[in-house]
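Structure file model.tsv; described as TSV, C-alpha atoms.
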```tsv
chain	number	residue	atom	x	y	z
A	1	MET	CA	-82.22	-175.77	64.10
A	2	LYS	CA	-82.66	-177.75	60.91
A	3	ILE	CA	-85.90	-175.90	60.17
A	4	ILE	CA	-84.20	-172.52	60.62
A	5	LEU	CA	-81.41	-173.53	58.28
A	6	THR	CA	-83.93	-174.76	55.70
A	7	ILE	CA	-85.89	-171.52	55.88
A	8	ALA	CA	-82.69	-169.48	55.58
A	9	THR	CA	-81.62	-171.51	52.55
A	10	LEU	CA	-85.04	-171.09	50.94
A	11	ALA	CA	-84.94	-167.34	51.58
A	12	ILE	CA	-81.64	-167.18	49.72
A	13	LEU	CA	-83.12	-169.17	46.84
A	14	ILE	CA	-86.23	-167.00	46.68
A	15	SER	CA	-84.44	-163.66	46.81
A	16	PRO	CA	-83.50	-162.31	43.37
A	17	ASN	CA	-79.94	-162.72	42.29
A	18	ILE	CA	-78.31	-159.53	43.50
A	19	PHE	CA	-75.37	-159.97	41.15
A	20	ALA	CA	-77.55	-160.03	38.01
A	21	ASN	CA	-77.90	-156.83	36.01
A	22	SER	CA	-81.38	-155.73	37.04
A	23	LEU	CA	-81.78	-153.55	33.94
A	24	PHE	CA	-80.76	-156.25	31.48
A	25	SER	CA	-84.22	-156.67	29.90
A	26	LEU	CA	-84.84	-152.93	29.72
A	27	GLU	CA	-81.46	-152.29	28.10
A	28	ASN	CA	-82.28	-154.99	25.54
A	29	LEU	CA	-85.58	-153.30	24.84
A	30	GLU	CA	-83.89	-149.93	24.33
A	31	ARG	CA	-81.43	-151.50	21.89
A	32	GLU	CA	-84.15	-153.26	19.90
A	33	ARG	CA	-86.32	-150.15	19.74
A	34	ALA	CA	-83.36	-148.09	18.53
A	35	ALA	CA	-82.67	-150.79	15.93
A	36	LEU	CA	-86.31	-150.66	14.73
A	37	LEU	CA	-86.24	-146.89	14.34
A	38	SER	CA	-82.88	-146.80	12.61
A	39	THR	CA	-83.96	-149.60	10.26
A	40	GLN	CA	-87.14	-147.70	9.42
A	41	LEU	CA	-85.13	-144.56	8.72
A	42	ASP	CA	-82.27	-146.31	6.91
A	43	SER	CA	-82.41	-144.96	3.37
A	44	ALA	CA	-79.80	-147.47	2.22
A	45	LEU	CA	-82.34	-150.30	2.49
A	46	ASP	CA	-84.85	-151.07	-0.20
A	47	LEU	CA	-88.48	-151.73	0.69
A	48	ASN	CA	-88.12	-155.49	0.76
A	49	GLN	CA	-84.99	-155.49	2.88
A	50	ARG	CA	-86.53	-152.99	5.30
A	51	GLN	CA	-89.70	-155.03	5.66
A	52	GLN	CA	-87.76	-158.22	6.39
A	53	LYS	CA	-85.55	-156.54	8.99
A	54	VAL	CA	-88.45	-154.71	10.62
A	55	GLN	CA	-90.47	-157.93	10.90
A	56	THR	CA	-87.64	-159.67	12.74
A	57	ILE	CA	-87.14	-156.73	15.09
A	58	TYR	CA	-90.90	-156.36	15.59
A	59	ARG	CA	-91.16	-160.01	16.67
A	60	ARG	CA	-88.33	-159.52	19.14
A	61	LEU	CA	-89.82	-156.27	20.45
A	62	VAL	CA	-93.18	-157.98	21.14
A	63	ASP	CA	-91.43	-160.48	23.39
A	64	ILE	CA	-89.04	-158.10	25.04
A	65	GLU	CA	-91.67	-155.47	25.86
A	66	ARG	CA	-93.63	-158.19	27.67
A	67	MET	CA	-90.48	-159.33	29.43
A	68	VAL	CA	-89.78	-155.83	30.75
A	69	LEU	CA	-93.35	-155.39	31.94
A	70	ARG	CA	-93.13	-158.69	33.83
A	71	ASP	CA	-89.63	-158.08	35.20
A	72	ASP	CA	-89.77	-156.95	38.85
A	73	ARG	CA	-86.00	-156.40	38.96
A	74	VAL	CA	-86.38	-153.41	36.65
A	75	THR	CA	-88.64	-151.54	39.05
A	76	ALA	CA	-86.73	-152.71	42.13
A	77	SER	CA	-83.58	-151.10	40.69
A	78	ASN	CA	-85.25	-147.66	40.88
A	79	SER	CA	-82.74	-146.40	38.30
A	80	PRO	CA	-83.34	-143.23	36.23
A	81	LEU	CA	-83.52	-145.47	33.15
A	82	ALA	CA	-86.42	-147.44	34.63
A	83	GLN	CA	-88.12	-144.25	35.89
A	84	ASN	CA	-87.88	-142.71	32.47
A	85	ALA	CA	-89.09	-145.88	30.73
A	86	PHE	CA	-92.28	-146.10	32.77
A	87	ASN	CA	-92.90	-142.36	32.68
A	88	LYS	CA	-92.96	-142.55	28.87
A	89	TYR	CA	-94.98	-145.71	28.25
A	90	GLU	CA	-95.97	-144.56	24.73
A	91	LEU	CA	-92.38	-144.35	23.57
A	92	THR	CA	-90.88	-147.21	25.60
A	93	PHE	CA	-93.43	-149.91	24.80
A	94	LEU	CA	-93.78	-148.86	21.21
A	95	VAL	CA	-95.32	-152.05	19.79
A	96	HIS	CA	-98.06	-152.41	22.42
A	97	SER	CA	-98.91	-148.73	22.67
A	98	SER	CA	-99.11	-148.41	18.89
A	99	ALA	CA	-101.52	-151.38	18.84
A	100	GLU	CA	-103.82	-149.42	21.18
A	101	LYS	CA	-104.12	-146.74	18.50
A	102	ASN	CA	-104.11	-149.11	15.55
A	103	LEU	CA	-101.05	-147.41	14.11
A	104	PRO	CA	-97.80	-148.89	12.81
A	105	PRO	CA	-95.05	-148.45	15.42
A	106	MET	CA	-93.14	-145.94	13.31
A	107	SER	CA	-96.19	-143.71	12.76
A	108	HIS	CA	-97.02	-143.92	16.42
A	109	TRP	CA	-93.47	-142.94	17.39
A	110	MET	CA	-93.53	-139.95	15.05
A	111	SER	CA	-96.93	-138.81	16.24
A	112	GLU	CA	-95.77	-139.02	19.86
A	113	LEU	CA	-92.82	-136.77	18.96
A	114	GLN	CA	-95.23	-134.56	16.97
A	115	LEU	CA	-93.37	-135.14	13.72
A	116	THR	CA	-96.03	-134.66	11.02
A	117	THR	CA	-95.63	-134.83	7.23
A	118	ASN	CA	-96.60	-131.16	6.95
A	119	GLY	CA	-94.17	-130.22	9.68
A	120	ILE	CA	-91.33	-132.07	8.01
A	121	LEU	CA	-92.15	-130.62	4.59
A	122	ALA	CA	-92.28	-127.11	6.03
A	123	ALA	CA	-88.91	-127.56	7.71
A	124	LYS	CA	-85.96	-125.70	6.30
A	125	ALA	CA	-82.38	-126.83	6.44
A	126	GLY	CA	-80.01	-124.37	8.07
A	127	HIS	CA	-77.66	-123.59	10.89
A	128	ARG	CA	-78.90	-123.01	14.38
B	1	MET	CA	-100.82	-153.14	124.86
B	2	ASN	CA	-99.06	-154.99	122.02
B	3	THR	CA	-102.41	-155.90	120.50
B	4	ARG	CA	-103.46	-152.26	120.56
B	5	ILE	CA	-100.24	-151.10	118.93
B	6	PHE	CA	-100.64	-153.76	116.28
B	7	LEU	CA	-104.25	-152.81	115.60
B	8	TRP	CA	-103.37	-149.13	115.25
B	9	SER	CA	-100.52	-149.93	112.87
B	10	LEU	CA	-102.88	-152.20	110.93
B	11	ILE	CA	-105.46	-149.44	110.60
B	12	LEU	CA	-102.77	-147.04	109.41
B	13	THR	CA	-101.39	-149.55	106.90
B	14	LEU	CA	-104.81	-150.38	105.52
B	15	SER	CA	-105.70	-146.71	105.19
B	16	LEU	CA	-102.53	-146.16	103.21
B	17	SER	CA	-103.14	-149.21	101.08
B	18	CYS	CA	-106.38	-147.68	99.85
B	19	THR	CA	-104.34	-145.12	97.96
B	20	ASP	CA	-102.41	-145.97	94.81
B	21	LEU	CA	-99.09	-147.27	95.96
B	22	VAL	CA	-96.44	-148.11	93.46
B	23	GLN	CA	-94.78	-151.26	94.57
B	24	ALA	CA	-91.17	-151.72	93.84
B	25	SER	CA	-90.81	-155.08	92.21
B	26	GLU	CA	-87.08	-155.43	91.87
B	27	GLY	CA	-86.06	-158.41	89.78
B	28	ARG	CA	-89.71	-159.22	89.06
B	29	ASN	CA	-89.93	-157.19	85.94
B	30	TRP	CA	-91.03	-157.67	82.36
B	31	ASN	CA	-89.45	-155.47	79.70
B	32	PRO	CA	-90.90	-156.31	76.28
B	33	VAL	CA	-89.52	-154.56	73.19
B	34	ALA	CA	-91.24	-154.11	69.80
B	35	SER	CA	-88.27	-155.46	67.86
B	36	ASP	CA	-88.14	-155.67	64.06
B	37	LYS	CA	-88.26	-159.45	64.43
B	38	LEU	CA	-91.58	-159.13	66.29
B	39	ILE	CA	-93.06	-156.78	63.68
B	40	LYS	CA	-92.29	-159.26	60.91
B	41	LEU	CA	-94.48	-161.93	62.53
B	42	PRO	CA	-98.15	-162.33	61.50
B	43	ALA	CA	-100.38	-160.20	63.76
B	44	ASN	CA	-102.05	-163.16	65.48
B	45	ILE	CA	-98.63	-164.66	66.20
B	46	ILE	CA	-97.44	-161.28	67.58
B	47	GLU	CA	-100.13	-161.56	70.27
B	48	LYS	CA	-99.12	-165.14	71.13
B	49	ARG	CA	-95.43	-164.24	71.16
B	50	ILE	CA	-96.02	-161.34	73.58
B	51	GLN	CA	-98.13	-163.53	75.86
B	52	GLN	CA	-95.49	-166.28	75.75
B	53	ASP	CA	-92.78	-163.75	76.59
B	54	PHE	CA	-94.82	-162.42	79.51
B	55	GLU	CA	-95.54	-165.90	80.89
B	56	ALA	CA	-91.82	-166.68	80.93
B	57	SER	CA	-90.94	-163.41	82.69
B	58	PRO	CA	-90.06	-163.10	86.42
B	59	MET	CA	-93.11	-160.86	86.77
B	60	ALA	CA	-95.52	-163.57	85.60
B	61	LEU	CA	-93.80	-166.22	87.71
B	62	HIS	CA	-94.14	-163.98	90.75
B	63	LEU	CA	-97.83	-163.49	89.95
B	64	VAL	CA	-98.32	-167.26	89.97
B	65	GLU	CA	-96.57	-167.46	93.37
B	66	LEU	CA	-98.76	-164.66	94.73
B	67	GLU	CA	-101.88	-166.40	93.45
B	68	GLN	CA	-100.88	-169.59	95.28
B	69	GLN	CA	-100.23	-167.65	98.48
B	70	MET	CA	-103.62	-165.94	98.15
B	71	GLN	CA	-105.35	-169.31	97.76
B	72	GLY	CA	-103.62	-170.48	100.95
B	73	LYS	CA	-104.72	-167.35	102.81
B	74	LEU	CA	-108.29	-167.76	101.59
B	75	SER	CA	-108.57	-171.25	103.05
B	76	GLN	CA	-107.12	-169.94	106.34
B	77	LEU	CA	-109.72	-167.15	106.37
B	78	LYS	CA	-112.56	-169.60	105.78
B	79	SER	CA	-111.50	-171.91	108.59
B	80	LEU	CA	-111.04	-168.93	110.94
B	81	GLN	CA	-114.55	-167.70	110.18
B	82	GLU	CA	-115.91	-171.16	111.05
B	83	LEU	CA	-113.97	-171.16	114.33
B	84	ILE	CA	-115.27	-167.70	115.26
B	85	SER	CA	-118.86	-168.86	114.93
B	86	GLN	CA	-118.16	-171.54	117.55
B	87	SER	CA	-116.07	-169.43	119.99
B	88	GLU	CA	-116.82	-166.99	122.75
B	89	GLY	CA	-115.12	-164.84	125.37
B	90	ASP	CA	-111.36	-164.17	125.16
B	91	GLU	CA	-110.94	-166.95	122.61
B	92	LEU	CA	-113.37	-165.12	120.35
B	93	ILE	CA	-111.40	-161.87	120.68
B	94	ASP	CA	-108.15	-163.70	119.85
B	95	GLN	CA	-109.68	-165.29	116.77
B	96	ARG	CA	-111.22	-162.05	115.59
B	97	PHE	CA	-107.81	-160.45	115.99
B	98	GLU	CA	-106.28	-163.30	114.00
B	99	LEU	CA	-108.97	-162.91	111.31
B	100	VAL	CA	-108.28	-159.18	110.89
B	101	GLN	CA	-104.56	-159.93	110.69
B	102	GLN	CA	-105.09	-162.63	108.06
B	103	LYS	CA	-107.41	-160.39	106.06
B	104	SER	CA	-104.80	-157.66	106.13
B	105	GLU	CA	-102.13	-160.06	104.86
B	106	TYR	CA	-104.49	-161.28	102.15
B	107	LEU	CA	-105.08	-157.69	101.05
B	108	ASP	CA	-101.31	-157.05	100.96
B	109	LEU	CA	-100.95	-159.96	98.56
B	110	MET	CA	-103.91	-158.76	96.56
B	111	GLN	CA	-102.47	-155.28	96.29
B	112	GLU	CA	-99.14	-156.61	95.07
B	113	THR	CA	-100.95	-158.73	92.47
B	114	GLN	CA	-103.02	-155.76	91.40
B	115	ASP	CA	-99.94	-153.55	91.00
B	116	LEU	CA	-98.15	-156.21	88.97
B	117	ARG	CA	-101.17	-156.72	86.71
B	118	GLN	CA	-101.53	-152.96	86.17
B	119	ASN	CA	-97.83	-152.71	85.42
B	120	ALA	CA	-97.92	-155.64	82.96
B	121	LEU	CA	-100.99	-154.26	81.24
B	122	ALA	CA	-99.45	-150.79	80.88
B	123	LYS	CA	-96.37	-152.35	79.30
B	124	LYS	CA	-98.50	-154.49	77.01
B	125	GLN	CA	-100.43	-151.39	75.90
B	126	ARG	CA	-97.22	-149.48	75.18
B	127	LEU	CA	-95.91	-152.49	73.28
B	128	TYR	CA	-99.04	-152.79	71.12
B	129	GLU	CA	-98.92	-149.04	70.44
B	130	SER	CA	-95.30	-149.35	69.40
B	131	VAL	CA	-96.13	-152.33	67.14
B	132	LEU	CA	-99.00	-150.37	65.58
B	133	GLY	CA	-96.74	-147.35	65.04
B	134	LYS	CA	-94.10	-149.47	63.37
B	135	LEU	CA	-96.68	-151.25	61.19
B	136	ARG	CA	-98.05	-147.87	60.08
B	137	SER	CA	-94.63	-146.41	59.37
B	138	LYS	CA	-93.67	-149.55	57.44
B	139	LYS	CA	-96.83	-149.21	55.35
B	140	GLY	CA	-96.23	-145.47	54.92
B	141	ASN	CA	-92.62	-145.94	53.85
B	142	ALA	CA	-93.61	-148.67	51.42
B	143	SER	CA	-96.28	-146.51	49.76
B	144	ARG	CA	-94.19	-143.32	49.70
B	145	GLY	CA	-90.98	-144.79	48.30
B	146	GLU	CA	-89.88	-144.24	44.73
B	147	VAL	CA	-89.61	-147.98	44.14
B	148	TYR	CA	-93.25	-148.36	45.19
B	149	GLN	CA	-94.30	-145.61	42.79
B	150	LEU	CA	-92.32	-147.26	40.02
B	151	LYS	CA	-93.90	-150.64	40.74
B	152	GLN	CA	-97.32	-149.00	40.59
B	153	LYS	CA	-96.46	-147.63	37.16
B	154	GLN	CA	-95.26	-151.04	36.02
B	155	GLU	CA	-98.52	-152.60	37.23
B	156	GLN	CA	-100.54	-149.99	35.32
B	157	ALA	CA	-98.41	-150.62	32.23
B	158	ARG	CA	-99.00	-154.39	32.55
B	159	GLN	CA	-102.74	-153.87	32.71
B	160	ARG	CA	-102.55	-151.61	29.68
B	161	MET	CA	-100.48	-154.20	27.79
B	162	GLN	CA	-102.91	-156.98	28.75
B	163	LYS	CA	-105.68	-155.24	26.80
B	164	VAL	CA	-103.76	-155.32	23.51
B	165	LEU	CA	-102.02	-158.69	23.83
B	166	ALA	CA	-104.38	-160.47	21.46
B	167	GLN	CA	-104.28	-157.56	19.04
B	168	VAL	CA	-100.46	-157.58	18.91
B	169	ASP	CA	-100.42	-161.38	18.53
B	170	SER	CA	-102.82	-161.16	15.59
B	171	SER	CA	-100.68	-158.41	14.04
B	172	LEU	CA	-97.77	-160.87	14.10
B	173	ILE	CA	-99.87	-163.38	12.15
B	174	HIS	CA	-100.88	-160.60	9.81
B	175	LEU	CA	-97.19	-159.90	9.17
B	176	GLY	CA	-96.69	-163.55	8.30
B	177	LEU	CA	-95.01	-164.36	11.62
B	178	ASP	CA	-97.54	-167.04	12.55
B	179	LYS	CA	-95.06	-169.20	14.47
B	180	ARG	CA	-94.90	-168.19	18.11
B	181	SER	CA	-91.54	-167.31	19.63
B	182	PRO	CA	-89.89	-169.69	22.15
B	183	TYR	CA	-90.45	-167.06	24.85
B	184	ALA	CA	-94.17	-166.81	24.14
B	185	ASP	CA	-94.51	-170.62	24.02
B	186	GLU	CA	-92.66	-171.24	27.28
B	187	PHE	CA	-94.36	-168.34	29.02
B	188	ALA	CA	-97.84	-169.59	28.16
B	189	LEU	CA	-96.87	-173.07	29.30
B	190	ASN	CA	-95.55	-171.83	32.64
B	191	LEU	CA	-98.31	-169.32	33.24
B	192	ALA	CA	-100.93	-171.89	34.29
B	193	LYS	CA	-98.48	-173.53	36.67
B	194	VAL	CA	-97.50	-170.14	38.10
B	195	GLU	CA	-101.19	-169.40	38.77
B	196	ASP	CA	-101.59	-172.78	40.51
B	197	LEU	CA	-98.57	-172.07	42.70
B	198	LYS	CA	-99.84	-168.58	43.52
B	199	ASN	CA	-103.21	-170.03	44.53
B	200	ALA	CA	-101.50	-172.59	46.73
B	201	ILE	CA	-99.51	-169.79	48.41
B	202	SER	CA	-102.58	-167.64	48.98
B	203	LYS	CA	-104.42	-170.60	50.53
B	204	HIS	CA	-101.50	-171.67	52.70
B	205	LYS	CA	-102.32	-171.36	56.40
B	206	ALA	CA	-98.93	-169.81	57.19
B	207	ASN	CA	-99.81	-167.03	54.75
B	208	ALA	CA	-103.34	-166.53	56.04
B	209	SER	CA	-104.46	-163.10	57.21
B	210	PRO	CA	-105.40	-162.80	60.87
B	211	THR	CA	-109.11	-163.14	61.55
B	212	LEU	CA	-111.44	-161.50	64.03
B	213	GLY	CA	-114.44	-163.74	64.43
B	214	ASP	CA	-114.59	-165.19	60.94
B	215	VAL	CA	-113.62	-161.98	59.17
B	216	GLU	CA	-110.15	-161.57	57.69
B	217	VAL	CA	-108.49	-158.35	58.83
B	218	THR	CA	-105.23	-156.55	58.23
B	219	SER	CA	-102.39	-156.70	60.76
B	220	GLU	CA	-103.09	-153.06	61.68
B	221	GLU	CA	-106.75	-153.78	62.40
B	222	TYR	CA	-105.79	-156.82	64.45
B	223	VAL	CA	-103.36	-154.83	66.60
B	224	ARG	CA	-106.00	-152.09	67.05
B	225	GLN	CA	-108.35	-154.80	68.33
B	226	LEU	CA	-105.64	-155.97	70.76
B	227	LEU	CA	-105.33	-152.38	72.04
B	228	MET	CA	-109.09	-152.28	72.48
B	229	GLU	CA	-108.98	-155.50	74.50
B	230	ALA	CA	-106.18	-154.05	76.64
B	231	SER	CA	-108.38	-151.02	77.37
B	232	THR	CA	-111.21	-153.32	78.43
B	233	GLU	CA	-108.84	-155.19	80.72
B	234	GLN	CA	-107.62	-151.86	82.12
B	235	SER	CA	-111.14	-150.78	82.90
B	236	LEU	CA	-111.90	-154.06	84.70
B	237	LEU	CA	-108.65	-153.83	86.66
B	238	ASP	CA	-109.64	-150.31	87.77
B	239	GLN	CA	-112.95	-151.68	88.97
B	240	GLU	CA	-111.16	-154.48	90.83
B	241	ALA	CA	-108.90	-151.84	92.42
B	242	LEU	CA	-112.01	-150.04	93.68
B	243	MET	CA	-113.34	-153.29	95.16
B	244	PHE	CA	-109.96	-153.87	96.75
B	245	SER	CA	-109.97	-150.40	98.33
B	246	TYR	CA	-113.45	-151.04	99.79
B	247	MET	CA	-112.28	-154.37	101.19
B	248	ALA	CA	-109.29	-152.66	102.78
B	249	LYS	CA	-111.57	-150.00	104.26
B	250	LEU	CA	-113.80	-152.72	105.76
B	251	VAL	CA	-110.83	-154.50	107.33
B	252	ALA	CA	-109.63	-151.16	108.73
B	253	LEU	CA	-113.07	-150.59	110.25
B	254	ASP	CA	-113.07	-154.14	111.67
B	255	ALA	CA	-109.66	-153.49	113.24
B	256	GLN	CA	-110.85	-150.17	114.64
B	257	ALA	CA	-113.98	-151.76	116.09
B	258	LEU	CA	-111.91	-154.51	117.67
B	259	GLU	CA	-109.52	-151.99	119.16
B	260	TYR	CA	-112.43	-150.02	120.68
B	261	GLU	CA	-113.91	-153.23	121.98
B	262	ILE	CA	-110.66	-154.27	123.67
B	263	SER	CA	-110.25	-150.79	125.15
B	264	TYR	CA	-113.83	-149.91	126.07
B	265	GLY	CA	-115.66	-153.24	126.03
B	266	ASP	CA	-118.66	-154.37	124.04
B	267	GLU	CA	-121.12	-151.67	122.94
B	268	ASN	CA	-123.80	-153.55	124.94
B	269	THR	CA	-121.78	-153.30	128.12
B	270	GLU	CA	-123.35	-150.70	130.35
B	271	LEU	CA	-121.23	-148.15	132.12
B	272	THR	CA	-120.85	-149.02	135.76
B	273	GLN	CA	-121.13	-146.20	138.24
B	274	ARG	CA	-118.80	-146.35	141.20
B	275	ASN	CA	-120.58	-146.45	144.56
B	276	ARG	CA	-120.40	-143.11	146.28
B	277	THR	CA	-121.69	-142.07	149.62
B	278	LYS	CA	-124.66	-139.80	149.27
B	279	PRO	CA	-125.12	-137.05	151.95
B	280	ALA	CA	-128.71	-138.14	152.51
B	281	GLU	CA	-127.57	-141.61	153.52
B	282	VAL	CA	-125.25	-140.31	156.25
B	283	ALA	CA	-127.30	-137.32	157.33
B	284	ASP	CA	-128.88	-139.31	160.14
B	285	LEU	CA	-125.50	-139.73	161.78
B	286	PHE	CA	-125.40	-136.05	162.36
B	287	LEU	CA	-128.74	-135.71	163.88
```
Have the structure of the file written as structure tokens, please.
Amino acid sequence: MKIILTIATLAILISPNIFANSLFSLENLERERAALLSTQLDSALDLNQRQQKVQTIYRRLVDIERMVLRDDRVTASNSPLAQNAFNKYELTFLVHSSAEKNLPPMSHWMSELQLTTNGILAAKAGHR
Amino acid sequence: MNTRIFLWSLILTLSLSCTDLVQASEGRNWNPVASDKLIKLPANIIEKRIQQDFEASPMALHLVELEQQMQGKLSQLKSLQELISQSEGDELIDQRFELVQQKSEYLDLMQETQDLRQNALAKKQRLYESVLGKLRSKKGNASRGEVYQLKQKQEQARQRMQKVLAQVDSSLIHLGLDKRSPYADEFALNLAKVEDLKNAISKHKANASPTLGDVEVTSEEYVRQLLMEASTEQSLLDQEALMFSYMAKLVALDAQALEYEISYGDENTELTQRNRTKPAEVADLFL
């Protein structure tokens, strides 16, 4: 009986905490990536300020992308957010996928969305 | 007269016993179920669990009883055969009659044993098939599910990330961020320990895959092998049933021969002609 109780207790300890937010790491990643892109596009920042902010976010993104890839709770959740994240590896794991192509994350992001310099220059402002 | 009636009923019974009779074995049953608890056990333990369950069943206990009774009958048969070799006359007939009767009883026990074994084997086969079906459906569900697909994608993404880890780390240094983050430090420290623990788990005997010979096999393969063994056992039981039917036929013939012998005497006994008066012998009286 003691053995059964011990096994049952261990099973509870081993099983992931069902009350924890299983998408916590992925949500953090989404926030950091959004912060990186908005910092890169923030025209209010000068070059030095932007570089400092981007470096800090970049460091955090390196860690958090690895955390998400190692986090089994994200995939176990089977949420649309997780599905979408893994279906679009290039955009979700921006730092690591940009390293594959030897591009800065911002350039990689723009190329994935097919935003080219020529395309932007040829664009006209107007109402849809 | 009683002996003759008995012999005829014996012949009839033995003839019937040669056919496949389904014996009712009320209260001597074994009803195994492929429960979810059973499926979760390692394959080699599944086999032991089923065998253990069978051995504790009323059916198995009855088989043990029958086996003991058969052993008792066998020793009776042997001593009767010894007595027959030393007897003659009416005593010999009585002992031959007793021998046929004992043989018939032995065959009754054997038939009951045979039926129970066939029944148990059929149930074991159905159980293994059910276990195999559940194992396959479990595997199928696991590989078809969305969570499984997502985990596959995560695994592919991990492998992809692994290739650029060093490159990303060097880009951090290049950006002047040469001090590693607390996460990276702790993770690297724990990683070696995690690998050691994983190795210990994979080598743990309670986590070992079942083996056939010395080769590690999957649970599905192991259960397929169990089904194969059940088929072999089935085939041998069929052969035993054939032997049993021949034995029954021989006892029936013995009984028939004994009945003829009691009714018509030994085959060596010559027919005696009643004395009758022949005309030639009395013809002189009329002369």
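Around Pro42 (chain B), within 10 Å and counting all atoms listed in the file, the residues found are Leu38, Ile39, Lys40, Asn44, Ile45, Ile46, Glu47, Ala206, Asn207, Ala208, Ser209, Pro210, Thr218, Ser219 and Tyr222 of chain B, once anything fewer than 2 positions away on its own chain is removed.
With distances taken over all atoms listed in the file, B:Leu109 is the one residue among B:Leu109, B:Val251, B:Leu77, B:Ile201 lying closest to Val64 (chain B).
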* Return the neighbours of chain B among the residues of chain A, cut-off 6 Å, counting only C-alpha atoms, as a PyMOL selection string. => chain A and resi 69+75-76+78
* Any idea what's packed within 10 Å of Glu98 (chain B), counting all atoms listed in the file, ignoring anything in its chain fewer than 5 positions away? Could you give it as a PyMOL selection string? -> chain B and resi 77+80+92-93+103-104
* To do: Taking (-108.0, -162.9, 98.2) in the file's own coordinates, collect the residues within 7 Å, counting only C-alpha atoms, and hand them back as an MDAnalysis selection string.
  => chainID B and resid 70:71 74 106:107 110
* **Straight-line distance linking CA of Tyr89 (chain A) with CA of Gly140 (chain B), stated in Å to one decimal** => 26.7 Å
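Comparing B:Leu285, B:Leu63, B:Leu253, B:Ile84 by their smallest distance to Gln118 (chain B), the closest is B:Leu63 (using all atoms listed in the file).
Counting only C-alpha atoms and comparing B:Ala283, B:Leu227, B:Met247, B:Leu258, the residue that lies closest to Ala122 (chain B) is B:Leu227.
With CA of Val95 (chain A) on one side and CA of Val62 (chain A) on the other, the separation reads 6.4 Å.
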